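Visitor: Coordinates in run-v1.cif, mmCIF, C-alpha atoms and all ligand atoms, are listed below.
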data_target
#
loop_
_atom_site.group_PDB
_atom_site.id
_atom_site.type_symbol
_atom_site.label_atom_id
_atom_site.label_comp_id
_atom_site.auth_asym_id
_atom_site.auth_seq_id
_atom_site.Cartn_x
_atom_site.Cartn_y
_atom_site.Cartn_z
ATOM 1 C CA MET A 30 16.282 -19.193 -5.344
ATOM 2 C CA ARG A 31 13.403 -20.409 -7.516
ATOM 3 C CA LEU A 32 14.889 -18.758 -10.621
ATOM 4 C CA LYS A 33 18.509 -19.827 -10.160
ATOM 5 C CA ASN A 34 20.589 -19.231 -13.296
ATOM 6 C CA LYS A 35 17.570 -18.248 -15.366
ATOM 7 C CA LYS A 36 17.828 -15.289 -17.746
ATOM 8 C CA ALA A 37 14.984 -12.818 -17.440
ATOM 9 C CA MET A 38 14.045 -9.708 -19.405
ATOM 10 C CA VAL A 39 11.778 -7.111 -17.775
ATOM 11 C CA THR A 40 10.472 -4.134 -19.737
ATOM 12 C CA GLY A 41 9.882 -0.797 -18.000
ATOM 13 C CA ALA A 42 12.084 -1.906 -15.085
ATOM 14 C CA GLY A 43 13.367 1.578 -14.225
ATOM 15 C CA GLN A 44 10.744 2.210 -11.555
ATOM 16 C CA GLY A 45 7.503 1.016 -10.006
ATOM 17 C CA ILE A 46 6.211 -2.506 -10.562
ATOM 18 C CA GLY A 47 8.812 -3.325 -13.239
ATOM 19 C CA LYS A 48 11.702 -2.439 -10.946
ATOM 20 C CA ALA A 49 10.209 -4.519 -8.119
ATOM 21 C CA ILE A 50 9.864 -7.471 -10.530
ATOM 22 C CA ALA A 51 13.456 -7.125 -11.759
ATOM 23 C CA LEU A 52 14.830 -7.032 -8.194
ATOM 24 C CA LYS A 53 12.640 -9.931 -7.045
ATOM 25 C CA MET A 54 13.861 -12.048 -9.968
ATOM 26 C CA ALA A 55 17.467 -11.222 -9.071
ATOM 27 C CA GLN A 56 16.787 -12.187 -5.428
ATOM 28 C CA GLU A 57 15.423 -15.491 -6.733
ATOM 29 C CA GLY A 58 18.692 -16.124 -8.594
ATOM 30 C CA ALA A 59 18.034 -14.850 -12.131
ATOM 31 C CA ASP A 60 20.270 -12.660 -14.274
ATOM 32 C CA VAL A 61 18.082 -9.799 -15.427
ATOM 33 C CA VAL A 62 17.908 -7.597 -18.515
ATOM 34 C CA VAL A 63 16.446 -4.153 -17.877
ATOM 35 C CA ALA A 64 14.606 -2.907 -20.988
ATOM 36 C CA GLU A 65 13.753 0.658 -20.058
ATOM 37 C CA ARG A 66 13.184 3.794 -22.121
ATOM 38 C CA ASN A 67 14.710 6.009 -19.412
ATOM 39 C CA ARG A 68 18.468 5.392 -19.513
ATOM 40 C CA GLU A 69 19.204 6.755 -16.005
ATOM 41 C CA THR A 70 16.563 4.763 -14.125
ATOM 42 C CA GLY A 71 17.435 1.666 -16.165
ATOM 43 C CA ILE A 72 21.090 1.886 -15.178
ATOM 44 C CA GLN A 73 20.094 2.431 -11.532
ATOM 45 C CA THR A 74 18.049 -0.798 -11.558
ATOM 46 C CA GLN A 75 20.938 -2.588 -13.267
ATOM 47 C CA LYS A 76 23.284 -1.498 -10.461
ATOM 48 C CA GLU A 77 20.855 -2.702 -7.791
ATOM 49 C CA ILE A 78 20.604 -6.104 -9.502
ATOM 50 C CA GLU A 79 24.401 -6.367 -9.642
ATOM 51 C CA ALA A 80 24.579 -5.443 -5.959
ATOM 52 C CA LEU A 81 22.484 -8.567 -5.325
ATOM 53 C CA GLY A 82 25.250 -10.607 -6.974
ATOM 54 C CA ARG A 83 23.534 -11.246 -10.299
ATOM 55 C CA ARG A 84 24.498 -10.268 -13.846
ATOM 56 C CA SER A 85 22.497 -7.525 -15.503
ATOM 57 C CA LEU A 86 22.315 -5.648 -18.790
ATOM 58 C CA SER A 87 20.352 -2.469 -19.332
ATOM 59 C CA PHE A 88 19.081 -1.117 -22.638
ATOM 60 C CA ALA A 89 17.596 2.320 -23.257
ATOM 61 C CA VAL A 90 14.903 0.963 -25.526
ATOM 62 C CA ASP A 91 11.408 1.952 -26.633
ATOM 63 C CA VAL A 92 9.467 -1.309 -26.794
ATOM 64 C CA ALA A 93 7.100 0.186 -29.371
ATOM 65 C CA ASP A 94 10.018 0.347 -31.828
ATOM 66 C CA ARG A 95 10.487 -3.064 -33.397
ATOM 67 C CA HIS A 96 13.973 -2.343 -34.682
ATOM 68 C CA GLN A 97 15.220 -1.376 -31.191
ATOM 69 C CA VAL A 98 13.632 -4.485 -29.680
ATOM 70 C CA ASP A 99 15.220 -6.791 -32.276
ATOM 71 C CA GLN A 100 18.657 -5.247 -31.718
ATOM 72 C CA MET A 101 18.322 -5.596 -27.942
ATOM 73 C CA VAL A 102 17.214 -9.226 -28.105
ATOM 74 C CA ALA A 103 20.104 -10.103 -30.456
ATOM 75 C CA GLU A 104 22.590 -8.513 -28.016
ATOM 76 C CA VAL A 105 21.058 -10.255 -25.021
ATOM 77 C CA VAL A 106 21.217 -13.660 -26.696
ATOM 78 C CA ALA A 107 24.828 -12.995 -27.739
ATOM 79 C CA THR A 108 25.710 -12.351 -24.060
ATOM 80 C CA PHE A 109 23.332 -14.556 -22.048
ATOM 81 C CA GLU A 110 22.756 -17.230 -24.759
ATOM 82 C CA GLN A 111 19.086 -17.542 -23.920
ATOM 83 C CA ILE A 112 16.036 -15.752 -22.516
ATOM 84 C CA ASP A 113 13.974 -17.950 -20.197
ATOM 85 C CA ILE A 114 11.609 -15.324 -18.824
ATOM 86 C CA LEU A 115 10.006 -12.299 -20.477
ATOM 87 C CA VAL A 116 7.939 -9.812 -18.477
ATOM 88 C CA ASN A 117 6.053 -7.215 -20.541
ATOM 89 C CA ASN A 118 5.473 -4.449 -18.022
ATOM 90 C CA ALA A 119 6.393 -1.168 -19.769
ATOM 91 C CA GLY A 120 3.536 1.244 -20.099
ATOM 92 C CA PHE A 121 2.002 4.624 -19.558
ATOM 93 C CA ASP A 122 -1.446 6.131 -19.468
ATOM 94 C CA ARG A 123 -2.929 9.020 -21.439
ATOM 95 C CA PRO A 124 -6.325 9.438 -19.769
ATOM 96 C CA GLY A 125 -9.154 10.610 -22.003
ATOM 97 C CA SER A 126 -12.871 10.098 -22.505
ATOM 98 C CA LEU A 127 -14.382 8.636 -25.676
ATOM 99 C CA LEU A 128 -15.100 12.047 -27.193
ATOM 100 C CA LYS A 129 -11.887 13.744 -26.120
ATOM 101 C CA THR A 130 -9.214 11.127 -26.791
ATOM 102 C CA LYS A 131 -6.836 12.332 -29.513
ATOM 103 C CA GLU A 132 -5.618 10.005 -32.228
ATOM 104 C CA GLU A 133 -1.978 10.559 -31.215
ATOM 105 C CA ASP A 134 -2.733 9.520 -27.611
ATOM 106 C CA TRP A 135 -4.668 6.447 -28.765
ATOM 107 C CA ASN A 136 -1.728 5.430 -30.987
ATOM 108 C CA ALA A 137 0.887 6.120 -28.300
ATOM 109 C CA VAL A 138 -0.946 4.031 -25.683
ATOM 110 C CA PHE A 139 -1.527 1.189 -28.136
ATOM 111 C CA GLY A 140 2.122 1.482 -29.221
ATOM 112 C CA VAL A 141 3.597 0.875 -25.800
ATOM 113 C CA HIS A 142 1.100 -1.615 -24.367
ATOM 114 C CA LEU A 143 -0.084 -3.711 -27.263
ATOM 115 C CA THR A 144 2.532 -3.303 -29.989
ATOM 116 C CA GLY A 145 5.313 -3.228 -27.369
ATOM 117 C CA THR A 146 4.120 -6.484 -25.807
ATOM 118 C CA PHE A 147 3.692 -8.092 -29.236
ATOM 119 C CA ASN A 148 7.148 -6.882 -30.385
ATOM 120 C CA CYS A 149 8.930 -8.365 -27.382
ATOM 121 C CA ILE A 150 7.060 -11.677 -27.525
ATOM 122 C CA GLN A 151 7.659 -12.093 -31.254
ATOM 123 C CA ALA A 152 11.366 -11.246 -30.891
ATOM 124 C CA VAL A 153 11.974 -13.571 -27.916
ATOM 125 C CA ALA A 154 9.676 -16.522 -28.766
ATOM 126 C CA PRO A 155 11.971 -18.180 -31.360
ATOM 127 C CA TYR A 156 14.677 -18.642 -28.685
ATOM 128 C CA MET A 157 12.163 -20.087 -26.224
ATOM 129 C CA ILE A 158 10.751 -22.417 -28.886
ATOM 130 C CA GLU A 159 14.244 -23.668 -29.679
ATOM 131 C CA LYS A 160 14.822 -24.529 -25.991
ATOM 132 C CA ARG A 161 11.251 -25.766 -25.527
ATOM 133 C CA TYR A 162 11.175 -23.671 -22.366
ATOM 134 C CA GLY A 163 9.899 -20.211 -21.552
ATOM 135 C CA LYS A 164 7.784 -18.096 -19.231
ATOM 136 C CA ILE A 165 6.001 -15.030 -20.577
ATOM 137 C CA ILE A 166 4.133 -12.769 -18.180
ATOM 138 C CA ASN A 167 2.202 -9.758 -19.452
ATOM 139 C CA LEU A 168 0.899 -6.875 -17.350
ATOM 140 C CA SER A 169 -2.680 -5.894 -18.039
ATOM 141 C CA SER A 170 -5.011 -4.140 -15.587
ATOM 142 C CA VAL A 171 -8.413 -4.701 -14.016
ATOM 143 C CA TRP A 172 -9.477 -1.791 -16.223
ATOM 144 C CA GLY A 173 -8.735 -4.023 -19.223
ATOM 145 C CA LYS A 174 -11.440 -6.370 -17.978
ATOM 146 C CA ARG A 175 -14.126 -4.036 -16.702
ATOM 147 C CA GLY A 176 -13.443 -0.861 -18.718
ATOM 148 C CA ALA A 177 -12.975 2.547 -17.134
ATOM 149 C CA VAL A 178 -14.461 5.981 -17.596
ATOM 150 C CA SER A 179 -12.063 8.465 -19.234
ATOM 151 C CA GLU A 180 -9.524 5.696 -19.826
ATOM 152 C CA ILE A 181 -10.604 4.719 -23.328
ATOM 153 C CA SER A 182 -7.239 4.000 -24.938
ATOM 154 C CA TYR A 183 -5.611 2.515 -21.813
ATOM 155 C CA SER A 184 -8.436 0.137 -20.902
ATOM 156 C CA THR A 185 -8.850 -0.944 -24.538
ATOM 157 C CA ALA A 186 -5.125 -1.612 -24.960
ATOM 158 C CA LYS A 187 -5.065 -3.549 -21.673
ATOM 159 C CA ALA A 188 -8.054 -5.604 -22.897
ATOM 160 C CA GLY A 189 -6.024 -6.348 -26.026
ATOM 161 C CA ILE A 190 -3.244 -7.729 -23.834
ATOM 162 C CA LEU A 191 -5.717 -10.272 -22.405
ATOM 163 C CA GLY A 192 -6.531 -11.494 -25.927
ATOM 164 C CA LEU A 193 -2.895 -11.501 -27.014
ATOM 165 C CA THR A 194 -1.912 -13.514 -23.931
ATOM 166 C CA LYS A 195 -4.488 -16.217 -24.612
ATOM 167 C CA SER A 196 -3.724 -16.510 -28.324
ATOM 168 C CA VAL A 197 0.012 -16.766 -27.647
ATOM 169 C CA ALA A 198 -0.641 -19.270 -24.829
ATOM 170 C CA ARG A 199 -2.575 -21.455 -27.290
ATOM 171 C CA GLU A 200 0.170 -21.243 -29.930
ATOM 172 C CA LEU A 201 3.145 -21.838 -27.640
ATOM 173 C CA GLY A 202 1.732 -24.451 -25.254
ATOM 174 C CA ARG A 203 3.032 -27.279 -27.431
ATOM 175 C CA TYR A 204 6.580 -26.042 -26.709
ATOM 176 C CA GLU A 205 6.032 -26.043 -22.902
ATOM 177 C CA ILE A 206 6.033 -22.242 -22.865
ATOM 178 C CA ASN A 207 3.773 -20.711 -20.198
ATOM 179 C CA VAL A 208 2.041 -17.436 -21.072
ATOM 180 C CA ASN A 209 0.038 -15.692 -18.374
ATOM 181 C CA VAL A 210 -1.298 -12.240 -17.618
ATOM 182 C CA VAL A 211 -1.331 -10.317 -14.342
ATOM 183 C CA LEU A 212 -4.043 -7.733 -13.660
ATOM 184 C CA PRO A 213 -2.960 -5.335 -10.921
ATOM 185 C CA GLY A 214 -5.497 -3.216 -9.096
ATOM 186 C CA PHE A 215 -4.381 -0.003 -7.407
ATOM 187 C CA ILE A 216 -0.640 -0.268 -6.753
ATOM 188 C CA LEU A 217 1.257 2.654 -5.290
ATOM 189 C CA THR A 218 4.049 3.465 -7.780
ATOM 190 C CA PRO A 219 5.655 6.851 -8.581
ATOM 191 C CA THR A 220 3.225 7.404 -11.466
ATOM 192 C CA VAL A 221 0.064 6.290 -9.716
ATOM 193 C CA SER A 222 0.800 8.297 -6.561
ATOM 194 C CA GLN A 223 0.284 11.433 -8.702
ATOM 195 C CA MET A 224 -3.388 10.505 -9.190
ATOM 196 C CA ALA A 225 -5.788 12.972 -7.526
ATOM 197 C CA GLU A 226 -6.234 12.107 -3.861
ATOM 198 C CA LYS A 227 -10.012 11.864 -4.105
ATOM 199 C CA TYR A 228 -9.728 9.039 -6.678
ATOM 200 C CA GLN A 229 -7.115 7.262 -4.573
ATOM 201 C CA ARG A 230 -9.460 7.467 -1.563
ATOM 202 C CA LEU A 231 -12.391 6.156 -3.593
ATOM 203 C CA ILE A 232 -10.483 3.068 -4.734
ATOM 204 C CA ILE A 233 -9.143 2.409 -1.232
ATOM 205 C CA GLU A 234 -12.685 2.591 0.203
ATOM 206 C CA GLN A 235 -13.779 -0.079 -2.339
ATOM 207 C CA THR A 236 -10.823 -2.356 -1.508
ATOM 208 C CA PRO A 237 -11.382 -4.922 1.271
ATOM 209 C CA PHE A 238 -7.787 -4.430 2.464
ATOM 210 C CA ARG A 239 -8.425 -0.643 2.687
ATOM 211 C CA ARG A 240 -5.020 0.209 1.242
ATOM 212 C CA PRO A 241 -3.186 0.359 -2.073
ATOM 213 C CA GLY A 242 -0.964 -2.555 -3.080
ATOM 214 C CA LYS A 243 2.823 -2.394 -3.052
ATOM 215 C CA PRO A 244 4.876 -3.051 -6.211
ATOM 216 C CA GLU A 245 6.526 -5.958 -4.357
ATOM 217 C CA GLU A 246 3.118 -7.609 -3.915
ATOM 218 C CA VAL A 247 2.749 -7.764 -7.700
ATOM 219 C CA ALA A 248 6.388 -8.812 -8.133
ATOM 220 C CA ASN A 249 5.878 -11.824 -5.828
ATOM 221 C CA VAL A 250 3.050 -13.110 -8.031
ATOM 222 C CA VAL A 251 5.028 -12.521 -11.231
ATOM 223 C CA ALA A 252 8.009 -14.407 -9.759
ATOM 224 C CA PHE A 253 5.722 -17.354 -8.958
ATOM 225 C CA LEU A 254 4.398 -17.372 -12.544
ATOM 226 C CA ALA A 255 7.989 -17.231 -13.812
ATOM 227 C CA SER A 256 8.963 -20.254 -11.719
ATOM 228 C CA ASP A 257 8.485 -23.954 -12.421
ATOM 229 C CA GLU A 258 5.979 -24.056 -9.568
ATOM 230 C CA ALA A 259 3.499 -22.584 -12.071
ATOM 231 C CA SER A 260 4.389 -25.156 -14.751
ATOM 232 C CA PHE A 261 0.772 -26.116 -15.584
ATOM 233 C CA MET A 262 -0.569 -22.569 -15.688
ATOM 234 C CA THR A 263 -1.062 -20.933 -19.045
ATOM 235 C CA GLY A 264 -3.521 -18.401 -20.423
ATOM 236 C CA ALA A 265 -4.466 -17.502 -16.841
ATOM 237 C CA GLU A 266 -5.654 -14.067 -15.758
ATOM 238 C CA VAL A 267 -4.231 -13.448 -12.289
ATOM 239 C CA GLU A 268 -5.673 -10.489 -10.390
ATOM 240 C CA VAL A 269 -3.615 -8.725 -7.718
ATOM 241 C CA THR A 270 -6.102 -6.193 -6.396
ATOM 242 C CA GLY A 271 -6.622 -6.662 -2.650
ATOM 243 C CA GLY A 272 -10.148 -7.684 -3.653
ATOM 244 C CA TRP A 273 -11.005 -4.385 -5.380
ATOM 245 C CA ASN A 274 -12.345 -6.136 -8.461
ATOM 246 C CA MET A 275 -14.698 -8.632 -6.751
HETATM 247 N N1 LIG B 301 0.371 0.978 -10.661
HETATM 248 C C1 LIG B 301 -0.857 0.525 -10.857
HETATM 249 O O1 LIG B 301 -1.764 0.781 -10.051
HETATM 250 C C2 LIG B 301 -1.165 -0.327 -12.061
HETATM 251 C C3 LIG B 301 -2.443 -0.884 -12.152
HETATM 252 C C4 LIG B 301 -2.752 -1.698 -13.243
HETATM 253 C C5 LIG B 301 -1.800 -1.945 -14.209
HETATM 254 N N2 LIG B 301 -0.564 -1.382 -14.107
HETATM 255 C C6 LIG B 301 0.400 -1.672 -15.169
HETATM 256 O O2 LIG B 301 1.610 -2.149 -14.608
HETATM 257 C C7 LIG B 301 2.720 -1.689 -15.376
HETATM 258 C C8 LIG B 301 3.664 -0.886 -14.495
HETATM 259 O O3 LIG B 301 2.960 0.170 -13.882
HETATM 260 P P1 LIG B 301 3.699 1.233 -12.957
HETATM 261 O O4 LIG B 301 2.643 1.905 -12.155
HETATM 262 O O5 LIG B 301 4.866 0.594 -12.285
HETATM 263 O O6 LIG B 301 4.200 2.271 -14.069
HETATM 264 P P2 LIG B 301 5.344 3.395 -13.969
HETATM 265 O O7 LIG B 301 4.886 4.531 -14.824
HETATM 266 O O8 LIG B 301 5.704 3.688 -12.550
HETATM 267 O O9 LIG B 301 6.591 2.688 -14.661
HETATM 268 C C9 LIG B 301 6.541 2.300 -16.015
HETATM 269 C C10 LIG B 301 7.954 2.205 -16.545
HETATM 270 O O10 LIG B 301 7.859 1.865 -17.944
HETATM 271 C C11 LIG B 301 8.787 2.674 -18.673
HETATM 272 N N3 LIG B 301 8.311 2.833 -20.053
HETATM 273 C C12 LIG B 301 7.241 3.568 -20.471
HETATM 274 N N4 LIG B 301 7.138 3.498 -21.800
HETATM 275 C C13 LIG B 301 8.146 2.696 -22.247
HETATM 276 C C14 LIG B 301 8.547 2.250 -23.531
HETATM 277 N N5 LIG B 301 7.892 2.615 -24.635
HETATM 278 N N6 LIG B 301 9.607 1.420 -23.622
HETATM 279 C C15 LIG B 301 10.284 1.054 -22.508
HETATM 280 N N7 LIG B 301 9.976 1.462 -21.269
HETATM 281 C C16 LIG B 301 8.899 2.279 -21.137
HETATM 282 C C17 LIG B 301 8.783 4.001 -17.913
HETATM 283 O O11 LIG B 301 9.928 4.777 -18.217
HETATM 284 C C18 LIG B 301 8.727 3.529 -16.458
HETATM 285 O O12 LIG B 301 10.012 3.296 -15.942
HETATM 286 C C19 LIG B 301 2.132 -0.862 -16.527
HETATM 287 O O13 LIG B 301 1.957 -1.687 -17.657
HETATM 288 C C20 LIG B 301 0.785 -0.435 -15.967
HETATM 289 O O14 LIG B 301 -0.134 -0.134 -16.975
HETATM 290 C C21 LIG B 301 -0.230 -0.583 -13.053
#
In structure tokens, what does this structure look like?
Ligand SMILES: NC(=O)c1ccc[n+]([C@@H]2O[C@H](COP(=O)([O-])OP(=O)(O)OC[C@H]3O[C@@H](n4cnc5c(N)ncnc54)[C@H](O)[C@@H]3O)[C@@H](O)[C@H]2O)c1

Guide:
Amino acid sequence: MRLKNKKAMVTGAGQGIGKAIALKMAQEGADVVVAERNRETGIQTQKEIEALGRRSLSFAVDVADRHQVDQMVAEVVATFEQIDILVNNAGFDRPGSLLKTKEEDWNAVFGVHLTGTFNCIQAVAPYMIEKRYGKIINLSSVWGKRGAVSEISYSTAKAGILGLTKSVARELGRYEINVNVVLPGFILTPTVSQMAEKYQRLIIEQTPFRRPGKPEEVANVVAFLASDEASFMTGAEVEVTGGWNM
């Protein structure tokens, strides 16, 4: 119960890593807000959180839309009074090489990952500053660090999240707000399991553990970063890759 009575908001918590994070936070004692574009999966996660005995709210929200984010945050604060933990996890990929990436795909990927993360941080930060307490955890990717072929917009947006994390960590440190970034490797989620088998095999062969990660293995690390055990960590890049990125 490391997060007892804390109020957490997790974006993209309808499935995959985000859902695992939301449930882990509830198991650790937090009330959890599910900020998820897909109404049905968001409500399903909300129900599973409530079944664990915690309070939950779910919002069918597009994090790239500032107005929707502001409305959600105002409603959450009206109900929960504060937001102690923010996890920016929502995202999707539109694979494409340098020459073939379309402007609309570039903008969509930047919208969800970079603008979405910025929107949520900017909307929530004033409440954390007021309390002089807060934990912000952003989801990047090892591809944000090393680049990736035919992943131009995704890897660039994820690299932007590394820069955003560090700048926000520098600005908010004086208020005792921790801002860190998690870089997952290959984690088996509903979306990633659709990747061609030959690519999955290639990554697994390069991973010392010889297997993909589980969403819960990322969630455990995020829960640690959200807890007071990580009180002197900020601006840190934490890789959860099974050694793939060594
Ligand atoms: N799975 C991996 O191997 C892996 C590796 C590196 C990084 N990541 C990152 O981790 C995060 C989660 O990955 P995942 O595999 O669980 O993804 P996923 O596709 O399984 O789930 C993402 C969730 O985000 C929601 N979402 C998408 N756009 C949204 C928006 N605009 N507003 C609100 N919700 C939105 C989706 O509806 C979905 O429920 C993503 O940021 C992803 O880039 C994943």

Visitor: Could the centre and edge lengths of an axis-aligned box, enclosing all atoms of stretch 237-255 of chain A in the file with 8 Å extra on each side, be given in Å to one decimal as JSON?

Guide:
{"center_x": -1.7, "center_y": -8.5, "center_z": -5.6, "size_x": 35.4, "size_y": 33.7, "size_z": 32.5}

Visitor: Any chance you could resolve the PyMOL selection byres (((chain A and resi 93) around 9) and not hetatm) against this file and give the residues as a VMD selection string?

Guide: chain A and resid 90 to 92 94 to 95 97 to 98 137 139 to 149

Visitor: Would you mind exporting the chosen residues as a compact mmCIF listing (two decimals), in the coordinates of the input, restricted to C-alpha atoms?

Guide:
# COMPACT_ATOMS: atom_id res chain seq x y z
CA VAL A 90 14.90 0.96 -25.53
CA ASP A 91 11.41 1.95 -26.63
CA VAL A 92 9.47 -1.31 -26.79
CA ASP A 94 10.02 0.35 -31.83
CA ARG A 95 10.49 -3.06 -33.40
CA GLN A 97 15.22 -1.38 -31.19
CA VAL A 98 13.63 -4.49 -29.68
CA ALA A 137 0.89 6.12 -28.30
CA PHE A 139 -1.53 1.19 -28.14
CA GLY A 140 2.12 1.48 -29.22
CA VAL A 141 3.60 0.88 -25.80
CA HIS A 142 1.10 -1.62 -24.37
CA LEU A 143 -0.08 -3.71 -27.26
CA THR A 144 2.53 -3.30 -29.99
CA GLY A 145 5.31 -3.23 -27.37
CA THR A 146 4.12 -6.48 -25.81
CA PHE A 147 3.69 -8.09 -29.24
CA ASN A 148 7.15 -6.88 -30.38
CA CYS A 149 8.93 -8.36 -27.38

Visitor: Restricting the calculation to all atoms listed in the file, which member of A:Asp60, A:Glu65, A:Gln100, A:Lys160 is positioned closest to A:Phe88?

Guide: A:Glu65

Visitor: Show me which residues sit within 8 Å of ligand LIG 301 (chain B) when counting all atoms listed in the file, and put them as number ranges by chain.

Guide: A: 40-48, 64-67, 70-71, 89-94, 117-122, 140-142, 145, 168-172, 183, 187, 212-221, 242, 244

Visitor: Please compute the atom CA of A:Ala188-atom CA of A:Arg161 distance, one decimal, in Å.

Guide: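 One can read the atom CA of A:Ala188 to atom CA of A:Arg161 distance as 28.0 Å.
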
Visitor: List the residues matched by the PyMOL selection byres (((chain A and resi 248-257) around 6) and not hetatm) in the displayed structure as a PyMOL selection string, ordered by chain and then by residue number.

Guide: chain A and resi 49-50+164+245-247+258-260

Visitor: Selected residues, C-alpha atoms, written as a PDB file, keeping the file's coordinate frame, please.

Guide:
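To be explicit, this is the file written out as result_6.pdb:
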ATOM      1  CA  ALA A  49      10.209  -4.519  -8.119  1.00  0.00           C
ATOM      2  CA  ILE A  50       9.864  -7.471 -10.530  1.00  0.00           C
ATOM      3  CA  LYS A 164       7.784 -18.096 -19.231  1.00  0.00           C
ATOM      4  CA  GLU A 245       6.526  -5.958  -4.357  1.00  0.00           C
ATOM      5  CA  GLU A 246       3.118  -7.609  -3.915  1.00  0.00           C
ATOM      6  CA  VAL A 247       2.749  -7.764  -7.700  1.00  0.00           C
ATOM      7  CA  GLU A 258       5.979 -24.056  -9.568  1.00  0.00           C
ATOM      8  CA  ALA A 259       3.499 -22.584 -12.071  1.00  0.00           C
ATOM      9  CA  SER A 260       4.389 -25.156 -14.751  1.00  0.00           C
TER      10      SER A 260
END

Visitor: Tell me, in Å to one decimal, how far atom CA of A:Lys227 is from atom CA of A:Arg239.

Guide: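 Distance reported for this atom pair: 14.3 Å.
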
Visitor: Closest to A:Lys131 among A:Ile150, A:Val197, A:Ala103, A:Ile181, using all atoms listed in the file?

Guide: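 When distances to A:Lys131 are compared using all atoms listed in the file, the smallest one comes from A:Ile181.
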
Visitor: For the PyMOL selection byres (((chain A and resi 126) around 12) and not hetatm), applied here, can you spell out every residue it catches as a PyMOL selection string?

Guide: chain A and resi 123-125+127-131+134-135+176-185

Visitor: Would you compute the distance between atom CA of A:Gln229 and atom CA of A:Lys174? Give it in Å to one decimal.

Guide: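 Taking atom CA of A:Gln229 as the start and atom CA of A:Lys174 as the end point, the length is 19.6 Å.
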
Visitor: Extract, using all atoms listed in the file, all DNA, RNA and protein residues at most 9 Å from A:Gln75, discarding same-chain residues fewer than 5 positions from it, and format them as a PyMOL selection string.

Guide: chain A and resi 43+51+61-63+70+80+84-87

Visitor: Using the partial input, fill out stretch 245-257 of chain A with N, CA and C atoms; write the result as an mmCIF file, in the frame of the given file.

Guide:
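What landed in selection10.cif:
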data_model
loop_
_atom_site.group_PDB
_atom_site.id
_atom_site.type_symbol
_atom_site.label_atom_id
_atom_site.label_comp_id
_atom_site.auth_asym_id
_atom_site.auth_seq_id
_atom_site.Cartn_x
_atom_site.Cartn_y
_atom_site.Cartn_z
ATOM 1 N N GLU A 245 5.953 -4.643 -4.714
ATOM 2 C CA GLU A 245 6.526 -5.958 -4.357
ATOM 3 C C GLU A 245 5.439 -7.034 -4.301
ATOM 4 N N GLU A 246 4.202 -6.617 -4.003
ATOM 5 C CA GLU A 246 3.118 -7.609 -3.915
ATOM 6 C C GLU A 246 2.709 -8.111 -5.297
ATOM 7 N N VAL A 247 2.953 -7.299 -6.316
ATOM 8 C CA VAL A 247 2.749 -7.764 -7.700
ATOM 9 C C VAL A 247 3.965 -8.600 -8.118
ATOM 10 N N ALA A 248 5.146 -8.121 -7.747
ATOM 11 C CA ALA A 248 6.388 -8.812 -8.133
ATOM 12 C C ALA A 248 6.405 -10.251 -7.611
ATOM 13 N N ASN A 249 5.894 -10.465 -6.394
ATOM 14 C CA ASN A 249 5.878 -11.824 -5.828
ATOM 15 C C ASN A 249 5.050 -12.774 -6.694
ATOM 16 N N VAL A 250 3.931 -12.275 -7.202
ATOM 17 C CA VAL A 250 3.050 -13.110 -8.031
ATOM 18 C C VAL A 250 3.714 -13.384 -9.390
ATOM 19 N N VAL A 251 4.345 -12.353 -9.934
ATOM 20 C CA VAL A 251 5.028 -12.521 -11.231
ATOM 21 C C VAL A 251 6.171 -13.534 -11.086
ATOM 22 N N ALA A 252 6.896 -13.464 -9.976
ATOM 23 C CA ALA A 252 8.009 -14.407 -9.759
ATOM 24 C C ALA A 252 7.479 -15.842 -9.672
ATOM 25 N N PHE A 253 6.329 -16.012 -9.021
ATOM 26 C CA PHE A 253 5.722 -17.354 -8.958
ATOM 27 C C PHE A 253 5.387 -17.849 -10.375
ATOM 28 N N LEU A 254 4.772 -16.969 -11.172
ATOM 29 C CA LEU A 254 4.398 -17.372 -12.544
ATOM 30 C C LEU A 254 5.633 -17.668 -13.402
ATOM 31 N N ALA A 255 6.751 -17.023 -13.054
ATOM 32 C CA ALA A 255 7.989 -17.231 -13.812
ATOM 33 C C ALA A 255 8.723 -18.492 -13.361
ATOM 34 N N SER A 256 8.256 -19.093 -12.275
ATOM 35 C CA SER A 256 8.963 -20.254 -11.719
ATOM 36 C C SER A 256 8.327 -21.550 -12.220
ATOM 37 N N ASP A 257 9.023 -22.656 -11.994
ATOM 38 C CA ASP A 257 8.485 -23.954 -12.421
ATOM 39 C C ASP A 257 7.355 -24.429 -11.519
#
